[in-house]
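Pasted below: data23.txt, compact mmCIF, C-alpha atoms.
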# COMPACT_ATOMS: atom_id res chain seq x y z
CA ALA A 27 117.90 103.57 133.03
CA PHE A 28 119.46 104.58 129.71
CA GLY A 29 117.53 107.86 129.72
CA CYS A 30 118.64 108.65 133.28
CA GLY A 31 122.27 108.00 132.36
CA LEU A 32 121.96 110.06 129.20
CA THR A 33 120.40 113.05 130.96
CA CYS A 34 123.06 112.81 133.67
CA ALA A 35 125.84 112.86 131.06
CA LYS A 36 124.35 115.70 129.00
CA THR A 37 123.73 117.83 132.10
CA VAL A 38 127.33 117.35 133.25
CA ALA A 39 128.51 118.11 129.70
CA ALA A 40 126.41 121.30 129.63
CA ASP A 41 127.86 122.53 132.93
CA LEU A 42 131.36 121.59 131.79
CA LEU A 43 130.79 123.62 128.62
CA VAL A 44 129.64 126.62 130.67
CA GLN A 45 132.56 126.39 133.08
CA ARG A 46 135.12 126.07 130.29
CA SER A 47 133.67 128.29 127.52
CA VAL A 48 131.59 130.92 129.28
CA GLU A 49 133.35 131.24 132.62
CA LYS A 50 136.80 130.46 131.13
CA THR A 51 137.68 128.13 134.01
CA PRO A 52 140.94 126.21 133.51
CA TRP A 53 140.68 122.38 133.59
CA ARG A 54 142.50 122.14 136.91
CA ARG A 55 140.12 124.64 138.58
CA LEU A 56 136.80 123.18 137.44
CA ASP A 57 134.12 123.14 140.13
CA ALA A 58 133.76 119.38 140.64
CA ARG A 59 131.06 119.80 143.27
CA ARG A 60 128.92 121.75 140.80
CA LEU A 61 129.45 119.09 138.13
CA VAL A 62 128.33 116.36 140.56
CA VAL A 63 125.27 118.32 141.71
CA PHE A 64 124.16 119.01 138.14
CA GLY A 65 124.86 115.39 137.26
CA PHE A 66 122.52 114.38 140.07
CA TYR A 67 119.89 116.84 138.82
CA GLY A 68 120.18 115.36 135.34
CA LEU A 69 119.95 111.80 136.65
CA ALA A 70 117.21 112.23 139.25
CA TYR A 71 115.01 115.04 137.99
CA LEU A 72 115.51 115.25 134.25
CA GLY A 73 115.92 111.50 133.92
CA ALA A 74 113.67 109.82 136.48
CA VAL A 75 111.04 112.43 137.41
CA GLN A 76 110.45 113.70 133.91
CA TYR A 77 110.45 110.15 132.50
CA PHE A 78 107.64 109.31 134.92
CA LEU A 79 105.78 112.54 134.13
CA PHE A 80 106.02 112.36 130.34
CA ASN A 81 105.66 108.59 129.94
CA LYS A 82 103.25 107.66 132.74
CA VAL A 83 101.33 110.70 134.02
CA TYR A 84 100.73 112.85 130.91
CA PRO A 85 99.56 109.94 128.72
CA LYS A 86 96.93 109.13 131.36
CA LEU A 87 95.86 112.76 131.78
CA PHE A 88 95.99 113.60 128.06
CA PRO A 89 95.48 110.32 126.14
CA ARG A 90 94.33 112.12 123.00
CA ALA A 91 97.65 114.03 122.85
CA SER A 92 99.65 110.81 122.52
CA ALA A 93 97.38 109.54 119.75
CA PHE A 94 97.61 112.92 118.02
CA ALA A 95 101.42 112.87 118.14
CA ALA A 96 101.48 109.52 116.35
CA LEU A 97 99.34 110.76 113.42
CA PRO A 98 100.83 111.75 110.06
CA LEU A 99 100.85 115.49 109.33
CA GLY A 100 97.77 115.43 107.11
CA ALA A 101 95.68 113.73 109.77
CA LYS A 102 96.98 116.17 112.41
CA LEU A 103 95.73 119.08 110.33
CA ARG A 104 92.21 117.60 110.45
CA ASP A 105 92.22 116.63 114.16
CA GLY A 106 91.18 119.73 116.09
CA ALA A 107 90.38 117.77 119.27
CA GLY A 108 93.84 116.18 119.22
CA ALA A 109 95.50 119.56 118.74
CA ALA A 110 93.47 120.93 121.68
CA ALA A 111 94.65 118.00 123.84
CA VAL A 112 98.26 118.79 122.97
CA LEU A 113 97.71 122.44 123.88
CA ARG A 114 96.21 121.40 127.24
CA GLN A 115 99.23 119.18 127.90
CA VAL A 116 101.64 121.98 127.03
CA ALA A 117 99.67 124.39 129.23
CA ALA A 118 99.82 121.94 132.16
CA ASP A 119 103.53 121.39 131.63
CA GLN A 120 104.47 125.05 131.28
CA GLY A 121 101.88 126.44 133.72
CA LEU A 122 102.09 123.84 136.51
CA HIS A 123 105.02 121.47 136.18
CA TRP A 124 107.74 124.01 135.39
CA PRO A 125 106.89 126.76 137.91
CA LEU A 126 105.87 124.40 140.73
CA SER A 127 108.37 121.56 140.32
CA ALA A 128 111.05 121.80 137.64
CA LEU A 129 112.33 125.30 138.36
CA PRO A 130 112.36 124.90 142.16
CA ALA A 131 114.26 121.62 141.75
CA TYR A 132 116.76 123.30 139.42
CA TYR A 133 117.34 126.28 141.73
CA ALA A 134 117.72 124.01 144.76
CA CYS A 135 120.39 122.04 142.91
CA ALA A 136 122.07 125.24 141.73
CA ALA A 137 122.19 126.46 145.33
CA LEU A 138 123.64 123.12 146.44
CA GLY A 139 126.28 123.47 143.75
CA ARG A 140 127.35 126.80 145.25
CA ASP A 141 126.91 126.12 148.95
CA ALA A 142 125.36 123.11 150.65
CA ALA A 143 123.84 125.29 153.37
CA ALA A 144 122.29 127.82 150.97
CA PRO A 145 118.82 126.21 150.60
CA VAL A 146 118.49 125.78 154.37
CA ALA A 147 119.73 129.29 155.10
CA ALA A 148 117.34 130.77 152.53
CA PHE A 149 114.46 128.84 154.12
CA HIS A 150 115.19 130.28 157.57
CA LYS A 151 115.25 133.94 156.43
Could I get this structure in the form of structure tokens?
Amino acid sequence: AFGCGLTCAKTVAADLLVQRSVEKTPWRRLDARRLVVFGFYGLAYLGAVQYFLFNKVYPKLFPRASAFAALPLGAKLRDGAGAAAVLRQVAADQGLHWPLSALPAYYACAALGRDAAAPVAAFHK
């Protein structure tokens, strides 16, 4: 629960920073809908889904990677099988999770932040 709350807060803070610093939006004209949508993305996807993925799924799929991560540096340098497990986990994360789940979830939330009908309209084209 703490992680979900933290990712919600940091995602809202990141969007607030972009609206204020990059887009130069005055406080009174901030896009509250966008802040709420990105807060939800931070809470639900970055907090809950990725917690489950990184703490439940990946340790079962790549148990050697977790053991490798806990080793001191000297032992890591001698553990080729552990390093290979970490590389497989990174490949699965970057090659499967991000293109098939994380990025679509982000872009769906970004579209919702702009226009609630955008994802549905894009689907029907």
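What separates CA of Tyr67 (chain A) from CA of Leu122 (chain A) is a distance of 19.3 Å.
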Next item on the list: Extract, using all atoms listed in the file, all DNA, RNA and protein residues at most 12 Å from region 80-82 of chain A, discarding same-chain residues fewer than 6 positions from it, and format them as a count of residues only.
Entry: 13
Checklist line | Gap from CA of Arg60 (chain A) to CA of Gly121 (chain A) - Å, one decimal | finding: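 About the pair CA of Arg60 (chain A) and CA of Gly121 (chain A): they are 28.3 Å apart.
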Check: Near Gln45 (chain A), counting all atoms listed in the file, which residues have an atom at most 10 Å away, once you skip same-chain residues fewer than 3 positions from it, shown as a VMD selection string?
Finding: chain A and resid 39 to 42 48 to 53 55 to 57 60 to 61
Item checked: Interatomic distance, CA of Cys135 (chain A) to CA of Lys86 (chain A) (Å, one decimal) ->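 We find that CA of Cys135 (chain A) and CA of Lys86 (chain A) lie 29.2 Å from each other.
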Notebook entry, point to check: Using all atoms listed in the file, which residue out of A:Ala110, A:Ala70, A:Cys30, A:Ala93 lies closest to Tyr132 (chain A)?
Noted result: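 Checking each of A:Ala110, A:Ala70, A:Cys30, A:Ala93 against Tyr132 (chain A), counting all atoms listed in the file, the winner is A:Ala70.
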Axis-aligned box for all listed atoms of region 126-137 of chain A, 6 Å per side, centre and edges in Å to one decimal, as JSON:
{"center_x": 114.0, "center_y": 124.0, "center_z": 141.5, "size_x": 28.3, "size_y": 16.9, "size_z": 19.7}
Next item on the list: Rank A:Val112, A:Gly139, A:Tyr133, A:Leu79 by their smallest atom-to-atom distance to Ala58 (chain A), using only C-alpha atoms, and report the top residue only.
Entry: A:Gly139
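Distance annotation: of A:Gly68, A:Thr37, A:Arg90, A:Ser127, the residue with the minimal separation from Lys102 (chain A) is A:Arg90; atom set is only C-alpha atoms.
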Next item on the list: Using only C-alpha atoms, pick whichever of A:Val63, A:Leu103, A:Ala109, A:Val75 has the shortest atom-to-atom distance to Leu138 (chain A).
Entry: A:Val63
